[in-house]
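K.L.:
Following this line is entry.txt, made up of compact mmCIF, C-alpha atoms:
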```txt
# COMPACT_ATOMS: atom_id res chain seq x y z
CA MET O 1 -9.29 24.32 57.81
CA SER O 2 -10.88 24.65 61.20
CA GLU O 3 -12.02 21.05 61.55
CA SER O 4 -8.98 19.62 63.25
CA GLY O 5 -6.53 22.24 64.31
CA GLY O 6 -8.00 25.69 64.19
CA HIS O 7 -6.10 28.30 62.25
CA SER O 8 -2.67 27.45 63.53
CA ALA O 9 0.02 26.41 61.10
CA THR O 10 0.32 22.95 62.60
CA GLY O 11 -3.40 22.44 62.33
CA TYR O 12 -3.36 23.60 58.74
CA ILE O 13 -0.61 21.17 57.81
CA ILE O 14 -2.16 18.27 59.65
CA HIS O 15 -5.47 18.96 58.03
CA HIS O 16 -3.83 18.86 54.64
CA LEU O 17 -2.18 15.56 55.42
CA THR O 18 -5.31 13.81 56.61
CA ASN O 19 -7.16 11.50 54.29
CA LEU O 20 -10.89 11.26 53.91
CA LYS O 21 -11.58 7.78 55.19
CA VAL O 22 -14.27 5.29 56.03
CA GLY O 23 -13.96 2.07 57.95
CA GLU O 24 -12.01 0.92 60.98
CA GLY O 25 -8.52 -0.45 61.49
CA PHE O 26 -7.10 -2.25 58.50
CA TRP O 27 -10.38 -2.09 56.65
CA THR O 28 -10.16 1.66 56.38
CA ILE O 29 -10.52 2.97 52.86
CA HIS O 30 -9.06 6.32 51.85
CA LEU O 31 -11.93 7.62 49.78
CA ASP O 32 -9.99 10.56 48.36
CA THR O 33 -7.05 8.43 47.26
CA MET O 34 -9.35 5.85 45.70
CA PHE O 35 -11.48 8.50 44.03
CA PHE O 36 -8.60 10.40 42.50
CA SER O 37 -6.64 7.35 41.41
CA ILE O 38 -9.67 5.76 39.79
CA ALA O 39 -10.66 9.05 38.19
CA LEU O 40 -7.15 9.57 36.83
CA GLY O 41 -6.98 5.96 35.70
CA SER O 42 -10.28 6.41 33.90
CA LEU O 43 -8.99 9.62 32.33
CA PHE O 44 -5.94 7.73 31.10
CA LEU O 45 -8.02 4.89 29.71
CA TRP O 46 -10.59 7.22 28.18
CA LEU O 47 -7.95 9.31 26.40
CA PHE O 48 -5.96 6.37 25.13
CA MET O 49 -8.97 4.31 24.12
CA LYS O 50 -10.32 7.29 22.23
CA ALA O 51 -7.00 7.55 20.43
CA ALA O 52 -6.83 3.79 19.89
CA LYS O 53 -10.33 3.60 18.46
CA SER O 54 -9.68 6.21 15.82
CA ALA O 55 -6.06 5.18 15.32
CA THR O 56 -5.12 5.51 11.71
CA SER O 57 -1.99 4.70 9.82
CA GLY O 58 -2.50 7.92 7.88
CA VAL O 59 -1.98 11.39 9.26
CA PRO O 60 -2.59 11.22 13.03
CA GLY O 61 -4.56 13.83 14.93
CA PRO O 62 -3.14 15.66 17.95
CA LEU O 63 -4.51 13.16 20.49
CA GLN O 64 -3.23 10.20 18.52
CA ASN O 65 0.09 11.94 18.17
CA LEU O 66 0.38 12.43 21.91
CA CYS O 67 -0.57 8.83 22.63
CA GLU O 68 1.78 7.54 19.97
CA ILE O 69 4.67 9.54 21.38
CA LEU O 70 4.02 8.03 24.81
CA VAL O 71 3.51 4.53 23.43
CA GLU O 72 6.64 4.73 21.35
CA PHE O 73 8.63 6.15 24.25
CA VAL O 74 7.52 3.31 26.53
CA ASP O 75 8.05 0.76 23.80
CA THR O 76 11.61 1.95 23.29
CA GLN O 77 12.28 1.70 27.01
CA VAL O 78 10.88 -1.82 27.12
CA LYS O 79 12.84 -2.90 24.07
CA ASP O 80 16.01 -1.45 25.54
CA SER O 81 15.89 -3.27 28.84
CA PHE O 82 13.61 -6.24 28.29
CA HIS O 83 14.82 -8.90 25.94
CA GLY O 84 12.18 -11.57 26.38
CA ARG O 85 8.87 -11.84 24.66
CA ASN O 86 5.97 -10.83 26.84
CA PRO O 87 2.89 -8.99 25.62
CA VAL O 88 2.08 -7.76 29.14
CA ILE O 89 5.23 -5.80 29.90
CA ALA O 90 4.84 -2.89 27.50
CA PRO O 91 1.17 -2.10 28.26
CA LEU O 92 1.99 -2.53 31.95
CA ALA O 93 4.83 -0.06 31.69
CA LEU O 94 2.65 2.39 29.79
CA THR O 95 -0.06 2.14 32.44
CA ILE O 96 2.44 2.71 35.23
CA PHE O 97 4.07 5.64 33.52
CA VAL O 98 0.91 7.53 32.61
CA TRP O 99 -1.00 6.66 35.75
CA VAL O 100 1.83 7.62 38.11
CA PHE O 101 2.46 10.75 36.09
CA LEU O 102 -1.19 11.75 36.46
CA TRP O 103 -1.08 11.02 40.19
CA ASN O 104 1.99 13.19 40.53
CA PHE O 105 0.49 15.87 38.35
CA MET O 106 -2.19 16.46 40.97
CA ASP O 107 0.64 17.89 43.07
CA LEU O 108 0.85 20.89 40.74
CA ILE O 109 -2.74 21.89 41.44
CA PRO O 110 -2.74 24.57 44.15
CA VAL O 111 -2.83 22.84 47.53
CA ASP O 112 -5.90 24.62 48.80
CA LEU O 113 -8.01 24.55 45.65
CA LEU O 114 -9.50 21.07 45.71
CA PRO O 115 -9.89 20.87 49.54
CA SER O 116 -11.65 24.24 49.53
CA ILE O 117 -14.05 23.14 46.81
CA ALA O 118 -14.66 19.91 48.72
CA ALA O 119 -15.32 21.91 51.86
CA LEU O 120 -18.12 23.72 50.03
CA PHE O 121 -19.81 20.34 49.60
CA GLY O 122 -19.27 19.47 53.24
CA ILE O 123 -16.31 17.13 52.75
CA PRO O 124 -13.98 17.78 55.70
CA TYR O 125 -10.72 16.25 54.43
CA LEU O 126 -9.28 15.82 50.98
CA ARG O 127 -5.85 14.77 49.78
CA SER O 128 -5.79 15.05 46.05
CA VAL O 129 -2.38 13.52 45.27
CA PRO O 130 -2.67 9.71 45.30
CA SER O 131 1.11 9.25 45.23
CA THR O 132 1.44 10.94 48.64
CA ASP O 133 -0.51 8.03 50.05
CA LEU O 134 1.70 5.07 50.92
CA ASN O 135 -1.16 2.74 50.08
CA SER O 136 -1.06 3.86 46.46
CA THR O 137 2.67 3.60 45.94
CA PHE O 138 2.89 0.29 47.76
CA GLY O 139 -0.21 -0.97 45.98
CA LEU O 140 1.73 -0.49 42.77
CA SER O 141 5.07 -1.82 43.98
CA ILE O 142 3.54 -4.90 45.62
CA SER O 143 1.61 -5.62 42.40
CA VAL O 144 4.93 -5.43 40.60
CA LEU O 145 6.47 -7.82 43.14
CA LEU O 146 3.61 -10.30 42.63
CA LEU O 147 4.11 -10.10 38.88
CA LEU O 148 7.82 -10.67 39.43
CA TYR O 149 7.13 -13.89 41.29
CA TYR O 150 4.48 -14.97 38.83
CA TYR O 151 6.80 -14.63 35.88
CA SER O 152 9.79 -16.11 37.68
CA PHE O 153 7.66 -19.15 38.38
CA LYS O 154 6.21 -19.27 34.92
CA VAL O 155 9.46 -18.83 33.02
CA LYS O 156 11.83 -20.87 35.18
CA GLY O 157 9.50 -23.46 36.59
CA PRO O 158 9.19 -24.24 40.32
CA VAL O 159 12.30 -26.43 40.55
CA HIS O 160 14.61 -24.13 38.70
CA PHE O 161 13.21 -21.13 40.57
CA THR O 162 13.80 -22.76 43.96
CA MET O 163 17.30 -23.70 42.91
CA GLU O 164 17.96 -20.14 41.91
CA ILE O 165 16.76 -18.84 45.27
CA LEU O 166 18.89 -21.32 47.18
CA THR O 167 22.12 -21.37 45.18
CA HIS O 168 22.59 -17.85 43.99
CA PRO O 169 24.80 -15.98 44.22
CA PHE O 170 27.25 -18.00 46.36
CA GLY O 171 26.71 -21.61 45.33
CA LYS O 172 25.02 -24.49 47.11
CA TRP O 173 27.24 -24.48 50.24
CA PHE O 174 25.84 -21.15 51.35
CA MET O 175 22.17 -22.06 51.05
CA PRO O 176 20.79 -20.25 54.14
CA PHE O 177 22.86 -17.21 53.40
CA ASN O 178 21.68 -17.19 49.79
CA LEU O 179 18.08 -17.47 50.92
CA LEU O 180 18.51 -14.61 53.36
CA LEU O 181 20.12 -12.47 50.70
CA ARG O 182 17.28 -13.23 48.33
CA ILE O 183 14.68 -12.26 50.91
CA VAL O 184 16.41 -8.96 51.54
CA GLU O 185 16.71 -8.37 47.81
CA ASP O 186 13.08 -9.08 47.13
CA LEU O 187 11.95 -6.98 50.06
CA ALA O 188 14.14 -4.11 48.94
CA LYS O 189 12.56 -4.01 45.48
CA PRO O 190 8.97 -3.05 46.39
CA ILE O 191 10.01 -1.00 49.41
CA SER O 192 12.47 1.10 47.43
CA LEU O 193 10.02 1.46 44.54
CA GLY O 194 7.13 2.49 46.77
CA LEU O 195 9.10 4.65 49.17
CA ARG O 196 10.98 6.53 46.47
CA LEU O 197 7.82 7.68 44.76
CA PHE O 198 6.03 8.36 48.03
CA GLY O 199 8.97 10.21 49.57
CA ASN O 200 9.52 12.51 46.63
CA LEU O 201 5.90 13.43 46.24
CA TYR O 202 5.19 13.68 49.96
CA ALA O 203 8.12 16.00 50.42
CA GLY O 204 7.04 18.04 47.43
CA GLU O 205 3.51 18.38 48.69
CA LEU O 206 4.71 19.30 52.17
CA ILE O 207 6.80 22.11 50.76
CA PHE O 208 3.84 23.35 48.72
CA ILE O 209 1.83 23.39 51.96
CA LEU O 210 4.59 25.28 53.77
CA ILE O 211 4.77 27.80 50.94
CA ALA O 212 1.01 28.20 51.20
CA LEU O 213 1.54 29.33 54.80
CA LEU O 214 3.56 32.36 53.68
CA PRO O 215 1.87 35.74 53.11
CA TRP O 216 0.10 35.70 49.76
CA TRP O 217 2.30 38.39 48.14
CA ILE O 218 5.52 36.45 48.67
CA GLN O 219 4.24 32.96 47.85
CA PHE O 220 5.07 33.07 44.16
CA VAL O 221 8.75 33.77 44.88
CA LEU O 222 9.13 30.26 46.29
CA GLY O 223 6.05 28.62 44.84
CA TRP O 224 6.83 29.31 41.22
CA PRO O 225 10.38 27.84 41.16
CA TRP O 226 9.26 24.89 43.24
CA ALA O 227 6.39 24.17 40.85
CA VAL O 228 8.71 24.42 37.84
CA PHE O 229 11.18 22.12 39.52
CA HIS O 230 8.32 19.79 40.32
CA ILE O 231 7.42 19.41 36.65
CA LEU O 232 10.75 17.64 36.36
CA ILE O 233 10.26 15.64 39.55
CA ILE O 234 6.83 14.27 38.71
CA THR O 235 7.91 13.14 35.26
CA LEU O 236 11.17 11.74 36.52
CA GLN O 237 9.51 9.77 39.30
CA ALA O 238 6.96 8.27 36.93
CA PHE O 239 9.78 7.41 34.55
CA ILE O 240 11.93 5.83 37.29
CA PHE O 241 9.04 3.73 38.53
CA MET O 242 8.36 2.50 35.01
CA VAL O 243 11.97 1.74 34.13
CA LEU O 244 12.65 -0.10 37.40
CA THR O 245 9.51 -2.17 36.87
CA ILE O 246 10.73 -3.13 33.42
CA VAL O 247 14.19 -3.95 34.74
CA TYR O 248 12.85 -6.08 37.60
CA LEU O 249 10.53 -7.97 35.29
CA SER O 250 13.36 -8.44 32.85
CA MET O 251 15.44 -9.96 35.65
CA ALA O 252 12.58 -12.30 36.48
CA HIS O 253 12.63 -13.56 32.90
CA GLU O 254 16.34 -14.13 32.77
CA ASP O 255 17.73 -17.54 33.36
CA HIS O 256 20.88 -17.52 35.42
CA MET V 1 -0.02 6.93 57.32
CA ASN V 2 -1.21 3.44 58.10
CA PHE V 3 -1.46 0.69 55.60
CA ASN V 4 -5.04 -0.31 55.08
CA ALA V 5 -7.52 -1.68 52.58
CA THR V 6 -6.77 1.22 50.24
CA LEU V 7 -3.69 -0.76 49.29
CA ILE V 8 -5.83 -3.64 48.06
CA GLY V 9 -8.15 -1.26 46.30
CA GLN V 10 -5.23 0.35 44.51
CA MET V 11 -3.87 -3.06 43.49
CA ILE V 12 -7.22 -4.03 42.02
CA THR V 13 -7.50 -0.72 40.20
CA PHE V 14 -4.01 -1.15 38.85
CA GLY V 15 -4.75 -4.66 37.66
CA LEU V 16 -7.87 -3.51 35.85
CA LEU V 17 -6.05 -0.61 34.24
CA VAL V 18 -3.30 -2.89 32.98
CA LEU V 19 -5.87 -5.35 31.61
CA PHE V 20 -7.70 -2.63 29.73
CA THR V 21 -4.51 -1.12 28.43
CA MET V 22 -3.36 -4.51 27.20
CA LYS V 23 -6.63 -5.27 25.49
CA TYR V 24 -7.90 -2.01 24.10
CA VAL V 25 -5.13 0.59 24.10
CA TRP V 26 -1.81 -0.96 23.22
CA PRO V 27 -2.62 -3.16 20.21
CA PRO V 28 -4.53 -0.62 18.04
CA ILE V 29 -2.01 2.17 18.61
CA MET V 30 0.91 -0.17 17.98
CA GLN V 31 -0.83 -1.49 14.87
CA ALA V 32 -1.44 2.00 13.53
CA MET V 33 2.18 2.94 14.14
CA GLN V 34 3.51 -0.16 12.44
CA ASP V 35 1.19 0.36 9.49
CA ARG V 36 2.35 3.93 9.16
CA GLN V 37 5.95 2.80 9.35
CA LYS V 38 5.28 0.39 6.53
CA ARG V 39 3.53 3.03 4.49
CA ILE V 40 6.33 5.52 4.96
CA ALA V 41 8.88 2.90 3.98
CA GLU V 42 6.85 2.10 0.88
CA GLY V 43 6.49 5.76 0.09
CA LEU V 44 10.23 6.32 0.36
CA ALA V 45 10.90 3.30 -1.82
CA SER V 46 8.48 4.45 -4.47
CA ALA V 47 9.93 7.95 -4.34
CA GLU V 48 13.33 6.49 -5.03
CA ARG V 49 11.87 4.43 -7.84
CA GLY V 50 10.26 7.58 -9.19
CA VAL V 51 13.58 9.38 -9.20
CA ARG V 52 15.19 6.55 -11.09
CA GLU V 53 12.34 6.46 -13.58
CA GLN V 54 12.61 10.18 -14.05
CA GLU V 55 16.29 9.84 -14.83
CA LEU V 56 15.49 7.14 -17.35
CA ALA V 57 12.80 9.30 -18.89
CA LYS V 58 15.20 12.22 -19.08
CA ALA V 59 17.77 10.10 -20.89
CA LYS V 60 15.08 8.82 -23.20
CA ALA V 61 13.85 12.32 -23.90
CA ALA V 62 17.38 13.49 -24.68
CA GLN V 63 17.79 10.58 -27.08
CA MET V 64 14.49 11.38 -28.76
CA LEU V 65 15.41 15.02 -29.04
CA LYS V 66 18.67 14.11 -30.71
CA GLU V 67 16.88 11.86 -33.16
CA ALA V 68 14.31 14.50 -33.87
CA LYS V 69 17.03 17.07 -34.56
CA GLN V 70 18.73 14.67 -36.88
CA GLN V 71 15.49 14.01 -38.70
CA ALA V 72 14.77 17.70 -38.93
CA THR V 73 18.17 18.31 -40.46
CA GLU V 74 17.56 15.56 -42.96
CA ILE V 75 14.19 16.96 -43.84
CA VAL V 76 15.59 20.44 -44.30
CA THR V 77 18.34 19.12 -46.54
CA GLN V 78 15.85 17.18 -48.60
CA ALA V 79 13.62 20.19 -48.84
CA HIS V 80 16.52 22.31 -50.09
CA LYS V 81 17.32 19.71 -52.65
CA ARG V 82 13.75 19.49 -53.76
CA ALA V 83 13.45 23.24 -53.91
CA ASN V 84 16.52 23.42 -56.10
CA GLU V 85 15.07 20.74 -58.32
CA ILE V 86 11.81 22.58 -58.58
CA VAL V 87 13.60 25.82 -59.40
CA GLU V 88 15.67 24.06 -62.03
CA GLN V 89 12.58 22.44 -63.48
CA SER V 90 10.76 25.74 -63.56
CA LYS V 91 13.67 27.40 -65.27
CA GLN V 92 13.72 24.62 -67.81
CA GLU V 93 9.99 24.92 -68.39
CA ALA V 94 10.21 28.66 -68.62
CA ARG V 95 12.94 28.38 -71.16
CA THR V 96 10.98 25.91 -73.27
CA GLU V 97 7.87 28.00 -72.99
CA GLY V 98 9.82 31.09 -73.96
CA ASP V 99 11.27 29.31 -76.97
CA ARG V 100 7.84 28.10 -77.96
CA GLN V 101 6.36 31.56 -77.65
CA LEU V 102 9.26 33.05 -79.53
CA LEU V 103 8.71 30.62 -82.35
CA ALA V 104 4.99 31.35 -82.41
CA ALA V 105 5.70 35.07 -82.43
CA LYS V 106 8.18 34.69 -85.21
CA ALA V 107 5.68 32.65 -87.23
CA GLU V 108 3.04 35.22 -86.63
CA ILE V 109 5.39 38.01 -87.58
CA GLU V 110 6.27 36.18 -90.76
CA GLN V 111 2.61 35.65 -91.49
CA GLU V 112 1.98 39.33 -90.88
CA VAL V 113 4.88 40.22 -93.07
CA ASN V 114 3.61 37.94 -95.83
CA ARG V 115 0.16 39.31 -95.54
CA ALA V 116 1.49 42.85 -95.59
CA ARG V 117 3.63 41.96 -98.52
CA ASP V 118 0.63 40.52 -100.41
CA GLN V 119 -1.41 43.52 -99.55
CA LEU V 120 1.40 45.81 -100.56
CA ARG V 121 1.86 43.91 -103.74
CA SER V 122 -1.77 44.12 -104.69
CA GLN V 123 -1.79 47.78 -103.78
CA VAL V 124 1.35 48.35 -105.83
CA VAL V 125 -0.29 46.54 -108.72
CA SER V 126 -3.43 48.53 -108.55
CA LEU V 127 -1.32 51.68 -108.07
CA ALA V 128 0.80 50.74 -111.07
CA VAL V 129 -2.29 49.91 -113.05
CA ALA V 130 -3.89 53.16 -111.99
CA GLY V 131 -0.69 55.05 -112.80
CA ALA V 132 -0.33 53.28 -116.12
CA GLY V 133 -4.03 53.75 -116.76
CA LYS V 134 -3.69 57.49 -116.13
CA ILE V 135 -0.64 57.70 -118.42
CA LEU V 136 -2.10 55.55 -121.13
CA LYS V 137 -5.67 56.68 -120.63
CA ARG V 138 -6.52 57.07 -124.11
CA GLU V 139 -4.45 54.57 -125.98
CA VAL V 140 -4.63 51.57 -123.81
CA ASP V 141 -7.73 49.56 -123.78
CA GLU V 142 -8.20 48.10 -120.44
CA ALA V 143 -9.69 44.94 -121.65
CA ALA V 144 -6.87 44.36 -124.15
CA ASN V 145 -4.23 44.67 -121.55
CA ALA V 146 -5.94 42.69 -118.85
CA SER V 147 -4.19 39.48 -119.75
CA MET V 148 -0.80 41.16 -119.74
CA LEU V 149 -1.50 42.76 -116.35
CA ASP V 150 -2.52 39.45 -114.87
CA ASP V 151 0.72 38.08 -116.08
CA LEU V 152 2.55 40.90 -114.40
CA VAL V 153 0.70 40.35 -111.13
CA GLY V 154 1.61 36.69 -111.23
CA GLN V 155 5.31 37.60 -111.61
CA LEU V 156 5.33 39.96 -108.62
```
Rewrite the coordinates I just gave you, this time as structure tokens.
P.N.:
Amino acid sequence: MSESGGHSATGYIIHHLTNLKVGEGFWTIHLDTMFFSIALGSLFLWLFMKAAKSATSGVPGPLQNLCEILVEFVDTQVKDSFHGRNPVIAPLALTIFVWVFLWNFMDLIPVDLLPSIAALFGIPYLRSVPSTDLNSTFGLSISVLLLLYYYSFKVKGPVHFTMEILTHPFGKWFMPFNLLLRIVEDLAKPISLGLRLFGNLYAGELIFILIALLPWWIQFVLGWPWAVFHILIITLQAFIFMVLTIVYLSMAHEDH
Amino acid sequence: MNFNATLIGQMITFGLLVLFTMKYVWPPIMQAMQDRQKRIAEGLASAERGVREQELAKAKAAQMLKEAKQQATEIVTQAHKRANEIVEQSKQEARTEGDRQLLAAKAEIEQEVNRARDQLRSQVVSLAVAGAGKILKREVDEAANASMLDDLVGQL
């Protein structure tokens, strides 16, 4: 805690909001974000592949049950909002949901626990919640945007796609206006996706940090309700991200 | 809060995760779920079939029970009839046997009577002879009267 700002509250907060990084300028890498997101991604893959490997049509075990509930839940969501045929969408949605949920879940781990452990090993900074890093949330939302364009191109073809950009929604006499509207629309998608997740989790984490500044005997009065409320938030945010991804991709597949 | 290469790293990670999920996670779990769905559907169908078969079997059993009861009644009736016949036959036989034995007894009695009569007769003769002999001791010569006595015995 003493690395950047001494024992003052401001220093404490700033310390908690600083990433562990290497590199200069744009080529900086947030090691903590990368480490935790890859570790959580691996956890997700490991769990689900374990379940998939021993998947049986007979009586499922607890792990298979859990995975099946999630898979079925995601599958229902995809079937509800996506009417095309695309083998990528459902696994993509599942990955987003579970991965983002695991990111967000890191927020429920006491704010000082992981940084303190890291400090024992001589690591000065550590932010353990990948979704409080804009790079993570925008990494996801920009990937979704790229997929959107890929499928729009693939499904509609370049000519049809260009026509759609230029003539919707106001017809061919408003071409520049249509184009402008489309640009705004397509910018709004990843920005709203990324910022919504980031904003919710960043705010949540900040409040956890503020609560951690209170005397220890009063912390639970605020910390406990906030953590309980956060169980809802982290699930909801993962769910919203997944559903919006499905909806956007569904729109990319639709022919106007 | 700057954007930096972490963004690209996260995109790559995401892409890899999606690839792996598509290839190794989604299909087997989906497959297992669909298979189970099919199995449950089959199970329900066969359960329904089982219920129908059970109903059929119940009806069949009731029918068989009815038939069996009917047969049993028939058998009992026949048995009664046969028993009556046997009783009648036995009575008849007993009667015949009784008659036969009665006849035999009567014959035997007659025989006995005859024999007794013969015996009595001979005894009466000898008694008469003895009595006559005692009365006529002196005058009657036994040898002279023998022929007359034989005659007498033949008349008795």
K.L.:
Neighbourhood query: residues within 10 Å of (4.3, 9.0, 9.9), file coordinates, counting all atoms listed in the file; return as JSON, numbers by chain.
P.N.:
{"O": [57, 58, 59, 60, 65], "V": [32, 33, 34, 35, 36, 37, 38, 39, 40, 41]}
K.L.:
Work out how far CA of Ala9 in chain O is from CA of Phe101 in chain O, in Å to one decimal.
P.N.:
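Going from CA of Phe101 in chain O over to CA of Ala9 in chain O, I get 29.6 Å.
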K.L.:
Per residue of chain V within 6 Å of chain O, which atom pair is closest and at what distance in Å (one decimal), using all atoms listed in the file, listed by chain and increasing number, as JSON lines?
P.N.:
```
{"residue": "V:Phe3", "atom": "CA", "partner": "O:Asn135", "partner_atom": "CA", "distance": 5.9}
{"residue": "V:Asn4", "atom": "CA", "partner": "O:Phe26", "partner_atom": "CA", "distance": 4.4}
{"residue": "V:Ala5", "atom": "CA", "partner": "O:Trp27", "partner_atom": "CA", "distance": 5.0}
{"residue": "V:Thr6", "atom": "CA", "partner": "O:Ile29", "partner_atom": "CA", "distance": 4.9}
{"residue": "V:Leu7", "atom": "CA", "partner": "O:Asn135", "partner_atom": "CA", "distance": 4.4}
{"residue": "V:Gln10", "atom": "CA", "partner": "O:Gly139", "partner_atom": "CA", "distance": 5.4}
{"residue": "V:Met11", "atom": "CA", "partner": "O:Gly139", "partner_atom": "CA", "distance": 4.9}
{"residue": "V:Val18", "atom": "CA", "partner": "O:Leu92", "partner_atom": "CA", "distance": 5.4}
{"residue": "V:Thr21", "atom": "CA", "partner": "O:Pro91", "partner_atom": "CA", "distance": 5.8}
{"residue": "V:Met22", "atom": "CA", "partner": "O:Pro91", "partner_atom": "CA", "distance": 5.2}
{"residue": "V:Val25", "atom": "CA", "partner": "O:Met49", "partner_atom": "CA", "distance": 5.3}
{"residue": "V:Trp26", "atom": "CA", "partner": "O:Pro91", "partner_atom": "CA", "distance": 6.0}
{"residue": "V:Pro28", "atom": "CA", "partner": "O:Ala52", "partner_atom": "CA", "distance": 5.3}
{"residue": "V:Ile29", "atom": "CA", "partner": "O:Ala52", "partner_atom": "CA", "distance": 5.2}
{"residue": "V:Ala32", "atom": "CA", "partner": "O:Ser57", "partner_atom": "CA", "distance": 4.6}
{"residue": "V:Asp35", "atom": "CA", "partner": "O:Ser57", "partner_atom": "CA", "distance": 5.4}
{"residue": "V:Arg36", "atom": "CA", "partner": "O:Ser57", "partner_atom": "CA", "distance": 4.5}
```
K.L.:
What gap, in Å, lies between CA of Ile234 in chain O and CA of Leu201 in chain O?
P.N.:
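Going from CA of Ile234 in chain O over to CA of Leu201 in chain O, I get 7.6 Å.
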K.L.:
Mind giving me the straight-line distance from CA of His230 in chain O to CA of Glu205 in chain O in Å, one decimal?
P.N.:
9.8 Å
K.L.:
Calculated over only C-alpha atoms, which of the candidates V:Asp118, V:Ile86, V:Ile135, V:Gln71 has the smallest distance to Gly154 in chain V?
P.N.:
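Looking only at the distances to Gly154 in chain V, the closest residue turns out to be V:Asp118.
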K.L.:
Any chance you could tabulate, as a Markdown table, the residues of range 28-117 of chain O at most 10 Å from range 211-221 of chain O with each one's nearest atom pair and distance in Å to one decimal, using only C-alpha atoms, in chain and rising number order?
P.N.:
```
| residue | atom | partner | partner_atom | distance |
| --- | --- | --- | --- | --- |
| O:Pro110 | CA | O:Ala212 | CA | 8.8 |
| O:Val111 | CA | O:Ala212 | CA | 7.5 |
| O:Asp112 | CA | O:Ala212 | CA | 8.1 |
```
K.L.:
Counting all atoms listed in the file, figure out which residue out of O:Leu66, O:Leu187, O:Ala118, O:Ile209 gets nearest to Ile14 in chain O.
P.N.:
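Closest residue, counting all atoms listed in the file: O:Ile209.
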K.L.:
If we count all atoms listed in the file and set the cut-off at 9 Å, which residues sit around Leu148 in chain O, ignoring sequence neighbours fewer than 5 positions away in its own chain? Please answer as a ChimeraX atom specification.
P.N.:
/O:143,153,248-253
K.L.:
Given all atoms listed in the file as the basis, pick out the residue of V:Glu67, V:Gln155, V:Arg117, V:Thr13 nearest to Phe36 in chain O.
P.N.:
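Selected residue with least distance to Phe36 in chain O: V:Thr13.
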K.L.:
Could you check which of O:Phe161, O:Phe105, O:Phe97, O:Phe208 is closest to Leu232 in chain O, using all atoms listed in the file?
P.N.:
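Ranking O:Phe161, O:Phe105, O:Phe97, O:Phe208 by distance to Leu232 in chain O, first place goes to O:Phe105.
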K.L.:
Draw an axis-aligned box tight on the listed atoms of range 119-127 of chain V, then pad every side by 3 Å and write out centre and edge lengths in Å to one decimal as lines of an AutoDock Vina configuration file.
P.N.:
```
center_x = -0.8
center_y = 47.6
center_z = -104.1
size_x = 11.3
size_y = 14.2
size_z = 15.2
```
K.L.:
Write out as a VMD selection string which residues come within 10 Å of Lys156 in chain O when counting all atoms listed in the file, dropping same-chain ones fewer than 3 positions away.
P.N.:
chain O and resid 151 to 153 159 to 164 252 to 256
K.L.:
Can you work out which one of O:Leu102, O:Thr10, O:Tyr149, O:Phe174 has the shortest atom-to-atom distance to Ala238 in chain O, counting all atoms listed in the file?
P.N.:
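Of all the options, O:Leu102 lies closest to Ala238 in chain O.
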K.L.:
Considering all atoms listed in the file, can you say which of O:Thr235, O:Tyr150, O:Ile165, O:Met175 comes closest to Trp103 in chain O?
P.N.:
O:Thr235
